[in-house]
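As stored in my_file.txt (compact mmCIF, C-alpha atoms and all ligand atoms):
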```
# COMPACT_ATOMS: atom_id res chain seq x y z
CA MET A 1 63.37 10.96 19.87
CA LYS A 2 60.19 9.18 21.02
CA LYS A 3 59.11 12.31 22.89
CA LEU A 4 59.71 14.44 19.81
CA LEU A 5 57.68 12.05 17.65
CA ALA A 6 54.84 12.12 20.17
CA ILE A 7 54.81 15.95 20.19
CA LEU A 8 54.79 16.05 16.38
CA LEU A 9 51.90 13.56 16.32
CA VAL A 10 49.86 15.64 18.80
CA LEU A 11 50.52 18.80 16.76
CA ALA A 12 49.51 17.08 13.50
CA VAL A 13 46.23 15.78 15.01
CA ALA A 14 45.47 19.21 16.53
CA SER A 15 46.05 21.01 13.25
CA MET A 16 43.85 18.50 11.37
CA ALA A 17 41.04 19.02 13.89
CA PHE A 18 41.38 22.78 13.51
CA ALA A 19 41.36 22.56 9.72
CA GLY A 20 38.27 20.34 9.78
CA GLY A 21 36.40 23.03 11.70
CA GLY A 22 34.43 20.49 13.68
CA GLY A 23 31.80 20.01 10.96
CA GLN A 24 29.73 16.85 11.17
CA GLN A 25 28.42 16.35 7.65
CA GLY A 26 30.34 15.43 4.51
CA GLY A 27 30.11 18.88 2.94
CA ALA A 28 30.54 20.86 6.11
CA SER A 29 33.52 18.97 7.45
CA SER A 30 35.51 19.52 4.27
CA GLY A 31 33.99 22.97 3.77
CA GLY A 32 35.21 26.13 5.41
CA VAL A 33 38.86 25.35 4.79
CA THR A 34 40.86 24.83 1.66
CA ARG A 35 43.75 22.51 1.05
CA GLY A 36 46.83 23.92 2.74
CA MET A 37 44.86 26.54 4.68
CA ASN A 38 44.79 26.12 8.46
CA ARG A 39 42.00 28.59 9.10
CA LYS A 40 38.40 29.22 8.06
CA ILE A 41 37.62 30.64 4.63
CA VAL A 42 36.67 34.32 4.91
CA MET A 43 33.88 35.37 2.57
CA GLY A 44 32.71 38.95 2.03
CA TYR A 45 29.06 39.09 0.94
CA SER A 46 27.39 42.21 -0.39
CA GLN A 47 23.61 41.78 -0.27
CA ILE A 48 21.21 44.30 -1.83
CA GLY A 49 18.99 44.92 1.18
CA ALA A 50 15.71 43.55 2.53
CA GLU A 51 13.17 44.77 -0.01
CA SER A 52 11.07 41.61 -0.22
CA GLU A 53 10.13 38.29 1.39
CA TRP A 54 12.34 36.70 -1.26
CA ARG A 55 15.39 38.74 -0.26
CA THR A 56 14.95 37.87 3.42
CA ALA A 57 14.78 34.17 2.52
CA CYS A 58 17.94 34.54 0.41
CA THR A 59 19.85 36.28 3.22
CA ASN A 60 18.75 33.64 5.75
CA SER A 61 19.86 30.90 3.39
CA VAL A 62 23.31 32.47 2.87
CA GLN A 63 23.87 33.04 6.60
CA ALA A 64 22.73 29.54 7.59
CA ALA A 65 24.83 27.91 4.86
CA ALA A 66 27.95 29.85 5.95
CA LYS A 67 27.54 28.36 9.44
CA GLU A 68 26.92 24.92 8.02
CA TRP A 69 30.04 25.16 5.88
CA ASN A 70 32.09 26.68 8.71
CA ILE A 71 32.84 29.78 6.65
CA ASP A 72 33.56 33.15 8.28
CA LEU A 73 30.94 35.36 6.58
CA ARG A 74 31.36 39.15 6.52
CA PHE A 75 27.86 40.20 5.55
CA SER A 76 27.02 43.69 4.34
CA ASP A 77 23.48 45.03 3.66
CA ALA A 78 23.58 47.77 0.99
CA GLN A 79 20.08 49.10 1.68
CA GLN A 80 19.34 49.15 -2.06
CA GLN A 81 22.28 51.49 -2.84
CA GLN A 82 24.90 50.43 -5.38
CA GLN A 83 27.29 52.95 -3.80
CA ASN A 84 27.12 50.99 -0.54
CA GLN A 85 27.85 47.76 -2.41
CA LEU A 86 30.94 49.26 -4.07
CA GLN A 87 32.16 50.50 -0.70
CA ALA A 88 31.57 47.13 0.96
CA ILE A 89 33.45 45.27 -1.78
CA ARG A 90 36.35 47.72 -1.52
CA THR A 91 36.47 47.10 2.23
CA PHE A 92 36.49 43.33 1.62
CA ILE A 93 39.47 43.80 -0.72
CA GLN A 94 41.33 45.82 1.95
CA GLN A 95 40.55 43.12 4.49
CA LYS A 96 42.03 40.56 2.08
CA VAL A 97 39.07 38.20 2.32
CA ASP A 98 39.48 34.90 0.46
CA ILE A 99 36.43 35.27 -1.76
CA ILE A 100 33.68 37.82 -2.43
CA ALA A 101 30.04 37.08 -3.25
CA PHE A 102 27.67 39.85 -4.26
CA THR A 103 24.21 40.47 -5.68
CA PRO A 104 24.31 43.46 -8.02
CA VAL A 105 21.35 45.73 -7.33
CA VAL A 106 21.48 47.03 -10.92
CA GLU A 107 23.25 45.64 -13.97
CA THR A 108 25.60 48.53 -14.79
CA GLY A 109 28.63 50.03 -13.03
CA TRP A 110 30.58 46.90 -12.00
CA GLU A 111 33.60 46.82 -14.33
CA ALA A 112 36.01 48.88 -12.20
CA ILE A 113 35.32 47.16 -8.88
CA LEU A 114 35.39 43.66 -10.36
CA LYS A 115 38.71 44.43 -12.00
CA GLU A 116 39.99 45.61 -8.60
CA CYS A 117 39.02 42.20 -7.23
CA LEU A 118 40.83 40.49 -10.10
CA ASP A 119 43.94 42.62 -9.50
CA ALA A 120 43.83 41.66 -5.83
CA GLY A 121 43.54 37.99 -6.80
CA ILE A 122 40.18 37.62 -5.05
CA PRO A 123 37.63 35.44 -6.86
CA THR A 124 34.05 36.75 -7.06
CA ILE A 125 30.70 34.96 -7.19
CA CYS A 126 27.79 36.87 -8.66
CA VAL A 127 24.62 35.72 -6.89
CA ASP A 128 20.98 35.99 -8.04
CA ARG A 129 21.25 39.09 -10.24
CA SER A 130 23.65 39.51 -13.07
CA ILE A 131 25.59 42.34 -14.73
CA GLU A 132 25.12 44.08 -18.07
CA GLY A 133 26.51 42.30 -21.12
CA SER A 134 26.88 38.98 -19.32
CA ASP A 135 25.40 35.82 -20.81
CA ARG A 136 27.19 33.82 -18.11
CA LYS A 137 29.12 31.78 -20.65
CA ALA A 138 32.58 33.40 -21.06
CA ALA A 139 33.26 32.00 -24.51
CA ASN A 140 36.86 33.27 -24.54
CA PRO A 141 38.37 33.45 -21.04
CA ASN A 142 41.13 35.80 -22.23
CA ASP A 143 38.77 38.44 -23.60
CA MET A 144 38.67 41.07 -20.86
CA THR A 145 36.06 43.11 -22.76
CA ASP A 146 33.60 40.27 -22.01
CA PRO A 147 31.89 41.08 -18.65
CA ASP A 148 31.66 37.32 -17.98
CA ASN A 149 35.40 37.35 -17.39
CA TRP A 150 35.14 39.99 -14.65
CA PHE A 151 33.65 37.50 -12.17
CA THR A 152 34.39 33.85 -11.47
CA CYS A 153 30.89 32.41 -11.74
CA PHE A 154 27.18 33.18 -11.46
CA ILE A 155 24.67 31.36 -9.24
CA GLY A 156 20.99 32.09 -9.78
CA SER A 157 17.87 31.95 -11.90
CA ASP A 158 17.17 32.58 -15.55
CA MET A 159 15.14 35.79 -15.21
CA GLU A 160 14.24 35.92 -18.89
CA GLN A 161 12.87 32.42 -18.70
CA GLU A 162 10.76 33.50 -15.71
CA GLY A 163 9.20 36.20 -17.93
CA ASN A 164 8.56 33.52 -20.59
CA ARG A 165 6.91 31.30 -17.97
CA VAL A 166 4.61 34.13 -16.80
CA ALA A 167 3.44 34.74 -20.39
CA LYS A 168 2.94 31.01 -20.99
CA TRP A 169 0.89 30.61 -17.80
CA MET A 170 -1.16 33.66 -18.76
CA THR A 171 -1.99 32.56 -22.33
CA ALA A 172 -2.84 29.04 -21.15
CA ASN A 173 -5.10 30.11 -18.27
CA VAL A 174 -6.52 33.61 -18.64
CA PRO A 175 -8.99 32.75 -21.47
CA LYS A 176 -10.42 29.99 -19.21
CA LEU A 177 -10.60 32.20 -16.12
CA LYS A 178 -12.11 35.20 -17.95
CA PRO A 179 -13.90 33.72 -20.95
CA GLY A 180 -15.63 35.71 -23.68
CA LYS A 181 -13.07 38.45 -24.30
CA SER A 182 -11.26 39.00 -27.57
CA VAL A 183 -8.51 41.19 -26.06
CA TYR A 184 -7.07 41.04 -22.54
CA ASN A 185 -5.57 44.21 -21.08
CA ILE A 186 -2.47 43.78 -18.96
CA ALA A 187 -1.05 46.03 -16.25
CA GLU A 188 2.58 45.38 -15.34
CA LEU A 189 4.41 46.20 -12.11
CA GLN A 190 8.10 46.21 -12.95
CA GLY A 191 10.85 45.45 -10.46
CA THR A 192 13.78 47.74 -9.64
CA VAL A 193 14.62 49.59 -12.83
CA GLY A 194 17.94 48.47 -14.30
CA SER A 195 18.15 45.25 -12.27
CA SER A 196 18.63 42.01 -14.18
CA ALA A 197 15.53 40.59 -12.45
CA MET A 198 13.49 43.43 -13.96
CA THR A 199 15.08 43.56 -17.43
CA GLY A 200 15.00 39.75 -17.79
CA ARG A 201 11.34 39.35 -16.76
CA PHE A 202 10.32 42.37 -18.84
CA LYS A 203 12.03 40.99 -21.97
CA GLY A 204 11.06 37.33 -21.48
CA PHE A 205 7.37 38.23 -21.06
CA ARG A 206 7.36 40.30 -24.26
CA ASP A 207 9.39 37.75 -26.25
CA THR A 208 6.85 35.00 -25.60
CA LEU A 209 3.96 37.28 -26.58
CA GLY A 210 5.70 38.60 -29.69
CA ILE A 211 5.92 42.18 -28.41
CA PRO A 212 9.16 44.05 -29.21
CA ALA A 213 11.38 43.73 -26.15
CA ALA A 214 12.29 47.41 -26.20
CA THR A 215 8.72 48.68 -25.80
CA ALA A 216 6.87 49.09 -22.53
CA LEU A 217 3.37 48.99 -24.00
CA GLY A 218 2.23 46.88 -26.93
CA THR A 219 0.00 44.12 -28.29
CA SER A 220 0.89 40.44 -28.70
CA SER A 221 1.46 39.11 -32.22
CA ASP A 222 -1.88 37.24 -32.09
CA GLY A 223 -3.66 40.46 -31.05
CA LYS A 224 -5.11 38.90 -27.86
CA TYR A 225 -2.95 40.49 -25.16
CA LYS A 226 -2.30 44.18 -24.75
CA ILE A 227 0.06 45.72 -22.18
CA ILE A 228 -1.74 48.98 -21.39
CA LEU A 229 0.14 50.02 -18.23
CA SER A 230 3.70 49.39 -17.10
CA GLN A 231 5.50 51.07 -14.23
CA THR A 232 8.01 50.19 -11.55
CA GLY A 233 6.99 49.27 -8.01
CA ASP A 234 10.66 48.70 -7.05
CA PHE A 235 9.97 45.13 -5.85
CA THR A 236 8.31 46.36 -2.63
CA ARG A 237 4.83 45.70 -1.25
CA ALA A 238 4.23 49.38 -0.42
CA GLN A 239 5.08 50.60 -3.91
CA GLY A 240 3.17 47.75 -5.54
CA LYS A 241 0.08 48.96 -3.71
CA GLN A 242 0.71 52.62 -4.50
CA VAL A 243 1.25 52.08 -8.23
CA MET A 244 -1.75 49.74 -8.49
CA GLU A 245 -3.92 52.41 -6.85
CA ALA A 246 -2.80 54.85 -9.56
CA PHE A 247 -3.43 52.23 -12.29
CA LEU A 248 -6.96 51.67 -10.98
CA LYS A 249 -7.64 55.40 -10.81
CA SER A 250 -6.59 55.97 -14.41
CA ASN A 251 -8.16 52.74 -15.75
CA PRO A 252 -10.90 51.72 -13.32
CA ASN A 253 -12.54 49.06 -15.51
CA ASP A 254 -9.98 48.10 -18.12
CA ILE A 255 -7.43 45.88 -16.39
CA ASP A 256 -7.91 42.13 -16.93
CA VAL A 257 -4.49 40.85 -15.86
CA LEU A 258 -1.79 42.05 -13.49
CA PHE A 259 1.76 40.82 -14.08
CA ALA A 260 3.85 41.77 -11.04
CA HIS A 261 7.59 41.14 -11.34
CA ASN A 262 7.51 39.80 -7.78
CA ASP A 263 5.01 38.49 -5.24
CA ASP A 264 5.48 41.35 -2.78
CA MET A 265 4.23 43.87 -5.34
CA ALA A 266 1.39 41.49 -6.27
CA ILE A 267 0.38 41.29 -2.60
CA GLY A 268 0.45 45.09 -2.28
CA ALA A 269 -1.63 45.34 -5.47
CA ILE A 270 -4.19 42.86 -4.11
CA GLN A 271 -4.86 45.28 -1.24
CA ALA A 272 -5.32 48.16 -3.70
CA ILE A 273 -7.71 46.06 -5.82
CA GLN A 274 -9.78 45.11 -2.76
CA GLU A 275 -9.89 48.73 -1.54
CA ALA A 276 -11.12 49.76 -5.01
CA GLY A 277 -14.08 47.37 -4.54
CA LYS A 278 -12.87 44.75 -7.00
CA VAL A 279 -12.35 41.02 -6.54
CA PRO A 280 -8.68 40.02 -6.92
CA ALA A 281 -8.02 36.84 -8.91
CA LYS A 282 -11.48 37.14 -10.51
CA ASP A 283 -11.99 40.68 -11.82
CA ILE A 284 -8.25 40.96 -12.30
CA ILE A 285 -6.10 37.85 -12.80
CA ILE A 286 -2.93 38.19 -10.72
CA ILE A 287 0.39 36.59 -11.59
CA GLY A 288 3.54 37.15 -9.52
CA VAL A 289 7.07 35.79 -9.46
CA ASP A 290 9.02 34.20 -6.54
CA ALA A 291 6.54 31.71 -4.98
CA VAL A 292 7.08 33.07 -1.45
CA LYS A 293 4.87 32.08 1.51
CA GLY A 294 2.75 35.24 1.15
CA ALA A 295 1.87 34.23 -2.41
CA PHE A 296 0.96 30.71 -1.32
CA GLU A 297 -1.32 32.12 1.39
CA ALA A 298 -2.99 34.36 -1.21
CA MET A 299 -3.36 31.52 -3.75
CA VAL A 300 -4.85 29.22 -1.11
CA ALA A 301 -7.21 32.05 0.00
CA GLY A 302 -8.17 32.57 -3.66
CA THR A 303 -6.94 36.16 -3.97
CA MET A 304 -3.97 35.46 -6.26
CA ASN A 305 -3.86 33.21 -9.31
CA ALA A 306 -0.27 32.14 -9.92
CA SER A 307 3.33 32.56 -8.92
CA ILE A 308 6.32 31.57 -11.01
CA GLU A 309 9.04 30.30 -8.69
CA CYS A 310 12.39 32.04 -8.38
CA ASN A 311 14.48 30.12 -5.88
CA PRO A 312 16.13 32.25 -3.13
CA LEU A 313 17.71 29.33 -1.25
CA LEU A 314 21.09 29.89 -2.85
CA GLY A 315 23.27 29.74 0.28
CA PRO A 316 24.40 26.09 0.07
CA GLN A 317 25.35 26.44 -3.61
CA VAL A 318 27.27 29.66 -2.85
CA MET A 319 29.31 28.04 -0.07
CA GLU A 320 29.96 24.80 -1.96
CA THR A 321 31.07 26.75 -5.02
CA ALA A 322 33.32 29.04 -2.95
CA VAL A 323 35.12 26.05 -1.44
CA LYS A 324 35.56 24.50 -4.89
CA ILE A 325 36.94 27.74 -6.34
CA LEU A 326 39.44 28.14 -3.49
CA ASN A 327 40.47 24.52 -3.92
CA LYS A 328 41.09 25.28 -7.61
CA GLN A 329 38.41 22.82 -8.67
CA ALA A 330 36.42 23.47 -11.85
CA VAL A 331 33.03 25.18 -11.40
CA GLU A 332 30.26 25.89 -13.90
CA LYS A 333 30.21 29.48 -15.17
CA TRP A 334 26.45 29.51 -14.44
CA VAL A 335 24.96 27.34 -11.70
CA VAL A 336 21.23 27.50 -12.58
CA SER A 337 18.53 27.08 -9.90
CA ASN A 338 15.72 24.50 -10.10
CA GLU A 339 12.24 26.05 -10.14
CA SER A 340 8.50 25.27 -10.63
CA ASP A 341 5.25 27.12 -11.38
CA TYR A 342 2.41 27.29 -8.84
CA ASP A 343 -1.25 28.28 -9.11
CA GLN A 344 -4.54 27.62 -7.36
CA THR A 345 -4.55 24.02 -8.64
CA ASN A 346 -1.35 22.92 -6.85
CA ALA A 347 -0.62 25.62 -4.22
CA ALA A 348 -2.45 23.98 -1.27
CA ALA A 349 -0.68 20.64 -1.78
CA ALA A 350 2.75 22.25 -2.08
CA PHE A 351 2.35 24.84 0.72
CA PRO A 352 3.19 22.63 3.76
CA SER A 353 6.58 21.68 2.34
CA ARG A 354 7.62 25.17 1.26
CA GLN A 355 10.73 26.49 3.01
CA TYR A 356 10.25 30.19 2.31
O1 LIG B 401 16.51 39.33 -7.78
C1 LIG B 401 15.44 38.56 -7.35
C2 LIG B 401 14.29 39.46 -7.08
O2 LIG B 401 14.64 40.43 -6.12
C3 LIG B 401 13.06 38.80 -6.51
O3 LIG B 401 12.18 38.33 -7.45
C4 LIG B 401 12.45 39.94 -5.77
O4 LIG B 401 11.42 39.57 -4.91
C5 LIG B 401 13.67 40.47 -5.11
O5 LIG B 401 13.53 41.58 -4.42
```

This entry written out as structure tokens:
Amino acid sequence: MKKLLAILLVLAVASMAFAGGGGQQGGASSGGVTRGMNRKIVMGYSQIGAESEWRTACTNSVQAAAKEWNIDLRFSDAQQQQQNQLQAIRTFIQQKVDIIAFTPVVETGWEAILKECLDAGIPTICVDRSIEGSDRKAANPNDMTDPDNWFTCFIGSDMEQEGNRVAKWMTANVPKLKPGKSVYNIAELQGTVGSSAMTGRFKGFRDTLGIPAATALGTSSDGKYKIILSQTGDFTRAQGKQVMEAFLKSNPNDIDVLFAHNDDMAIGAIQAIQEAGKVPAKDIIIIGVDAVKGAFEAMVAGTMNASIECNPLLGPQVMETAVKILNKQAVEKWVVSNESDYDQTNAAAAFPSRQY
């Protein structure tokens, strides 16, 4: 009897050690396993690709947090193709992963696959970008026509608010940086067409200026700001440069402000502006979004004016939320990120402590 008890005790201790996954910290030691599960959580993650500094920081954060939380991460890079994302998610379903996280490259085309996840009983976390029709509230959880009920929760930024913040920074600062003008002409580099990051920033910027959200070009309600050019640069540095070159060719002396939907495109545009013989951040005021290292370097060097932060360090929140969901704990429908605005007045002080 004693022997039997001793064996049972050894087995119980061994299984507890296995379930704990060897983590050292509070979160990590309880993370990676759920109640009643004697193995690691398996998470399938469909990432968009590696189009920007921001995306790389986001991927690094997710991969590091999975290790920290002792979660078995199956990571798939879609190389900017929605088709690849759908295929990856279908594979995750076949593999019977415990939970799926994904960043939708564009807003449309997710209903069928998310319903497949629901049918398979696999919870989904929508990360960074959102899907069409979602306000991330899910007013009535039984209404399956509401896209918010197709996924479990959303973790990421308020893209529309980022567009508002760009417009606010612009109206507060541009008249001081370029005094003596009655109308300021704006060129806009849009992000990936149809992505929530693009549609949100596009709309938020126009809303704050009093320009109809459905129009690409237009003048603010006070008549002081006019969007004269607006085209996509697909969130990449190379296309930001290319499109800015075309803008400068068609309008060599008219652009006062550049609003780039991300810093990578702003950095590409800075090169185009310099090659056209103009002084970036003086002849043309440059505002980006993300607050990545490259933007800080440019702000400190005086070639970029401002960057509105969009936080890519979402990994820890994704893992913590996944563990909660699998433990049947309540989670917020929308876990919003904390963000700040940076410009040449505070960039140098903040730069040393930036993590991306
Ligand atoms: O979805 C977030 C956006 O995607 C970032 O602003 C941009 O840099 C990235 O590629």

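Closest approach to Lys40 of chain A from the set A:Asn70, A:Gln79, A:Asn311, A:Gln274 is made by A:Asn70, with distances taken over all atoms listed in the file.
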
Item to complete: Using all atoms listed in the file, pick whichever of A:Ala139, A:Ala291, A:Cys58, A:Met319 has the shortest atom-to-atom distance to Ile41 of chain A.
Response: A:Met319

Worksheet entry | Who sits within 9 Å of Gln82 of chain A, only C-alpha atoms, same chain under 6 positions skipped, as a list of chain:residue names | A:Ile48, A:Pro104, A:Val105, A:Val106, A:Gly109

Restricting it to C-alpha atoms, dump the selection as a PDB file, keeping the file's coordinate frame.
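Result file part_11.pdb:
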```
ATOM      1  CA  ILE A  48      21.210  44.300  -1.830  1.00  0.00           C
ATOM      2  CA  PRO A 104      24.310  43.460  -8.020  1.00  0.00           C
ATOM      3  CA  VAL A 105      21.350  45.730  -7.330  1.00  0.00           C
ATOM      4  CA  VAL A 106      21.480  47.030 -10.920  1.00  0.00           C
ATOM      5  CA  GLY A 109      28.630  50.030 -13.030  1.00  0.00           C
TER       6      GLY A 109
END
```

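For the choices A:Asn84, A:Thr152, A:Ser130, A:Thr192, the atom-to-atom distance to Ile325 of chain A is smallest for A:Thr152 when using only C-alpha atoms.
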
Fill in: Residues near segment 304-308 of chain A, cut-off 6 Å, only C-alpha atoms, skip fewer than 6 positions along chain, as a list of chain:residue names
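Close residues of segment 304-308 of chain A: A:Ala281, A:Ile286, A:Ile287, A:Gly288, A:Val289, A:Asp290, A:Ala291, A:Ala298, A:Asp341, A:Tyr342, A:Asp343, A:Gln344.
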
Worksheet item: From the set A:Arg237, A:Lys328, A:Lys282, A:Lys96, which residue has the shortest atom-to-atom contact distance to Trp54 of chain A, counting only C-alpha atoms?
Response: A:Arg237

With a cut-off of 9 Å, could you pull out the residues of chain A touching ligand LIG 401 (chain B) and give me the nearest pair of atoms for each, distance in Å to one decimal, using only C-alpha atoms and all ligand atoms, ordered by chain and ascending number, as JSON lines?
```
{"residue": "A:Ile48", "atom": "CA", "partner": "B:LIG401", "partner_atom": "O5", "distance": 8.5}
{"residue": "A:Gly49", "atom": "CA", "partner": "B:LIG401", "partner_atom": "O5", "distance": 8.5}
{"residue": "A:Ala50", "atom": "CA", "partner": "B:LIG401", "partner_atom": "O5", "distance": 7.5}
{"residue": "A:Glu51", "atom": "CA", "partner": "B:LIG401", "partner_atom": "O5", "distance": 5.5}
{"residue": "A:Ser52", "atom": "CA", "partner": "B:LIG401", "partner_atom": "O5", "distance": 4.9}
{"residue": "A:Glu53", "atom": "CA", "partner": "B:LIG401", "partner_atom": "O4", "distance": 6.6}
{"residue": "A:Trp54", "atom": "CA", "partner": "B:LIG401", "partner_atom": "O4", "distance": 4.7}
{"residue": "A:Arg55", "atom": "CA", "partner": "B:LIG401", "partner_atom": "O5", "distance": 5.4}
{"residue": "A:Thr56", "atom": "CA", "partner": "B:LIG401", "partner_atom": "O5", "distance": 8.8}
{"residue": "A:Thr103", "atom": "CA", "partner": "B:LIG401", "partner_atom": "O1", "distance": 8.1}
{"residue": "A:Pro104", "atom": "CA", "partner": "B:LIG401", "partner_atom": "O1", "distance": 8.8}
{"residue": "A:Val105", "atom": "CA", "partner": "B:LIG401", "partner_atom": "O1", "distance": 8.0}
{"residue": "A:Val127", "atom": "CA", "partner": "B:LIG401", "partner_atom": "O1", "distance": 8.9}
{"residue": "A:Asp128", "atom": "CA", "partner": "B:LIG401", "partner_atom": "O1", "distance": 5.6}
{"residue": "A:Arg129", "atom": "CA", "partner": "B:LIG401", "partner_atom": "O1", "distance": 5.3}
{"residue": "A:Ser130", "atom": "CA", "partner": "B:LIG401", "partner_atom": "O1", "distance": 8.9}
{"residue": "A:Gly156", "atom": "CA", "partner": "B:LIG401", "partner_atom": "O1", "distance": 8.7}
{"residue": "A:Ser157", "atom": "CA", "partner": "B:LIG401", "partner_atom": "C1", "distance": 8.4}
{"residue": "A:Met159", "atom": "CA", "partner": "B:LIG401", "partner_atom": "C1", "distance": 8.3}
{"residue": "A:Gly191", "atom": "CA", "partner": "B:LIG401", "partner_atom": "C4", "distance": 7.4}
{"residue": "A:Thr192", "atom": "CA", "partner": "B:LIG401", "partner_atom": "O5", "distance": 8.1}
{"residue": "A:Ser195", "atom": "CA", "partner": "B:LIG401", "partner_atom": "O1", "distance": 7.6}
{"residue": "A:Ser196", "atom": "CA", "partner": "B:LIG401", "partner_atom": "O1", "distance": 7.3}
{"residue": "A:Ala197", "atom": "CA", "partner": "B:LIG401", "partner_atom": "O1", "distance": 4.9}
{"residue": "A:Met198", "atom": "CA", "partner": "B:LIG401", "partner_atom": "C2", "distance": 8.0}
{"residue": "A:Asp234", "atom": "CA", "partner": "B:LIG401", "partner_atom": "O5", "distance": 8.1}
{"residue": "A:Phe235", "atom": "CA", "partner": "B:LIG401", "partner_atom": "O5", "distance": 5.2}
{"residue": "A:Thr236", "atom": "CA", "partner": "B:LIG401", "partner_atom": "O5", "distance": 7.3}
{"residue": "A:His261", "atom": "CA", "partner": "B:LIG401", "partner_atom": "O3", "distance": 6.6}
{"residue": "A:Asn262", "atom": "CA", "partner": "B:LIG401", "partner_atom": "O4", "distance": 4.9}
{"residue": "A:Asp263", "atom": "CA", "partner": "B:LIG401", "partner_atom": "O4", "distance": 6.5}
{"residue": "A:Asp264", "atom": "CA", "partner": "B:LIG401", "partner_atom": "O4", "distance": 6.6}
{"residue": "A:Met265", "atom": "CA", "partner": "B:LIG401", "partner_atom": "O4", "distance": 8.4}
{"residue": "A:Gly288", "atom": "CA", "partner": "B:LIG401", "partner_atom": "O3", "distance": 9.0}
{"residue": "A:Val289", "atom": "CA", "partner": "B:LIG401", "partner_atom": "O3", "distance": 6.1}
{"residue": "A:Asp290", "atom": "CA", "partner": "B:LIG401", "partner_atom": "O3", "distance": 5.3}
{"residue": "A:Val292", "atom": "CA", "partner": "B:LIG401", "partner_atom": "O4", "distance": 8.5}
{"residue": "A:Glu309", "atom": "CA", "partner": "B:LIG401", "partner_atom": "O3", "distance": 8.7}
{"residue": "A:Cys310", "atom": "CA", "partner": "B:LIG401", "partner_atom": "O3", "distance": 6.4}
{"residue": "A:Asn311", "atom": "CA", "partner": "B:LIG401", "partner_atom": "C1", "distance": 8.6}
{"residue": "A:Pro312", "atom": "CA", "partner": "B:LIG401", "partner_atom": "C1", "distance": 7.6}
```

Item to complete: Go ahead and compute the interatomic distance for atom CA of Ser220 of chain A and atom CA of Ile255 of chain A, in Å to one decimal.
Response: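 Atom CA of Ser220 of chain A sits 15.8 Å away from atom CA of Ile255 of chain A.
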
Discussion item. So, with only C-alpha atoms as the atoms that count, which of A:Arg165, A:Lys293, A:Arg136, A:Arg74 lies closest to Lys203 of chain A?
Written reply: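 The closest residue to Lys203 of chain A is A:Arg165.
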